[in-house]
Amino acid sequence: MTGPASEKYDVKREHRALYAPSAREFVVVDVPPLRYLAIDGYGDPNTAETYTRAVEALFGVAYAVKFASKRELGRDFAVAPLEGLWWADDRAAFVARDKGAWSWTMLVNQPDWIDEPAVAAGVEAARAKAVKAGVEPNPALDLLRLEHLVEGSSVQILHVGSYDDEAPTLARLHDEWMPQHGFAFNGPHHEVYLGDARRTAPEKLRTVLRQPVRPV
């Protein structure tokens with residue numbers, strides 16, 4: 001539920017429990033249905049050009065949608081952090097950080113008043129901006145969509161440190177905590193990136209690690 005039109009919407013404030021979890025222990029949360037700008041891809045995010053293009057397209061459209069919403073609807077919102085769904089055919093490849101075998105869907109959350117026409121207009125605005133600047137539009141714009149994500153019951157924790165240091169926490173979640181508490185997997189691994197890896201030292205990065213679950 002969003003606030004009044006005069007209030008600047010911020011998903012991190014609206015859903016604080018989802019974006020500011022404990023860094024000490026796993027916590028079960030009920031994630032409401034949320035909507036996102038989304039682009040799918042495959043491969044190592046450190047080397048795949050498709051990943052870089054996807055992130056650039058997501059934020060280009062996110063800002064275009066934000067400015068249009070403020071201008072046309074009088075409703076402003078903070079651009080949300082990057083999020084990602086990650087999975088592999090062999091779950092062990094994910095825990096082992098075999099990034100070349102990963103599939104992903106990169107995400108940027110949107111307020112509930114943003115609909116498909118607003119996103120389509122944002123894509124066209126991003127494409128027109130590139131043409132005006134004399135550069136080829138990002139091909140990832142053709143892949144962008146509005147995703148309605150329903151995760152429900154999930155387990156999460158805040159990871160502080162390098163992305164490559166997540167493996168022990170994920171192994172503890174998958175192999176110990178979930179079996180001990182009677183939970184099974186119920187969707188892809190979800191990460192929320194609260195820091196900018198381009199400007200933050202690896203040991204200070206803050207990432208929400210979330211796993212949708214169901215009773216065994």
# chains A, B, ... in the order shown; residues from 1 in each chain; ligands from 1
>>> residues_around(residues="Gly84 of chain A", least_positions_apart="2", cutoff="8 Å", atoms="only C-alpha atoms", output="ChimeraX atom specification")
/A:82,86,104-107,190-192
>>> write_last_selection(atoms="C-alpha atoms", output="short mmCIF file (atom, residue, chain, number, x, y, z; two decimals), in the first residue's frame")
data_model
loop_
_atom_site.label_atom_id
_atom_site.label_comp_id
_atom_site.auth_asym_id
_atom_site.auth_seq_id
_atom_site.Cartn_x
_atom_site.Cartn_y
_atom_site.Cartn_z
CA LEU A 82 19.01 -3.27 -7.95
CA TRP A 86 19.49 -16.23 -9.42
CA TRP A 104 19.31 -14.48 -13.65
CA THR A 105 16.50 -11.97 -13.72
CA MET A 106 17.59 -8.48 -12.74
CA LEU A 107 14.97 -6.27 -11.14
CA HIS A 190 16.71 -13.44 -4.39
CA GLU A 191 19.30 -10.76 -3.65
CA VAL A 192 18.83 -7.05 -2.91
#
>>> residues_around(residues="Lys66 of chain A", least_positions_apart="4", cutoff="9 Å", atoms="only C-alpha atoms", output="count of residues only")
10
>>> closest_residue(among="A:Arg97, A:His15, A:Arg214, A:Arg91", to="Asn46 of chain A", atoms="only C-alpha atoms")
A:Arg97
>>> select_by_dssp(residues="segment 10-210 of chain A", states="helix (DSSP H, G or I)", output="JSON, numbers by chain")
{"A": [11, 12, 13, 14, 16, 17, 18, 19, 49, 50, 51, 52, 53, 54, 55, 56, 57, 58, 59, 60, 61, 62, 63, 64, 65, 66, 67, 68, 69, 70, 71, 72, 73, 91, 92, 93, 94, 95, 99, 100, 101, 116, 117, 118, 119, 120, 121, 122, 123, 124, 125, 126, 127, 128, 129, 130, 131, 132, 139, 140, 141, 142, 143, 163, 164, 165, 167, 168, 169, 170, 171, 172, 173, 174, 175, 176, 177, 178, 179, 180, 202, 203, 204]}
>>> residues_around(residues="Thr47 of chain A", least_positions_apart="5", cutoff="12 Å", atoms="only C-alpha atoms", output="PDB file with C-alpha atoms, in the first residue's frame")
ATOM      1  CA  TYR A  42      22.376 -16.003 -18.390  1.00  0.00           C
ATOM      2  CA  THR A  52      25.846  -4.911 -17.990  1.00  0.00           C
ATOM      3  CA  ARG A  53      23.350  -3.918 -20.670  1.00  0.00           C
ATOM      4  CA  LYS A  99      28.870 -18.071 -12.171  1.00  0.00           C
ATOM      5  CA  GLY A 100      29.088 -19.176 -15.774  1.00  0.00           C
TER       6      GLY A 100
END
>>> closest_residue(among="A:Val29, A:Val208, A:Leu158, A:Ala133", to="Ala17 of chain A", atoms="only C-alpha atoms")
A:Val29
>>> closest_residue(among="A:Pro81, A:Ser103, A:Ala92, A:Glu14", to="Ala48 of chain A", atoms="only C-alpha atoms")
A:Ser103
>>> closest_residue(among="A:Glu116, A:Asp142, A:Glu151, A:Glu136", to="Leu58 of chain A", atoms="only C-alpha atoms")
A:Asp142
>>> closest_residue(among="A:Phe183, A:Tyr51, A:Phe59, A:Tyr19", to="Tyr36 of chain A", atoms="only C-alpha atoms")
A:Phe59
>>> residues_around(residues="Ala184 of chain A", least_positions_apart="2", cutoff="12 Å", atoms="only C-alpha atoms", output="list in words")
Ser153, Ser154, Val155, Leu173, His174, Asp175, Glu176, Trp177, Met178, Pro179, Gln180, His181, Gly182, Asn186, Gly187, Pro188, Gln211, Pro212, Val213, Arg214, Pro215 and Val216 of chain A
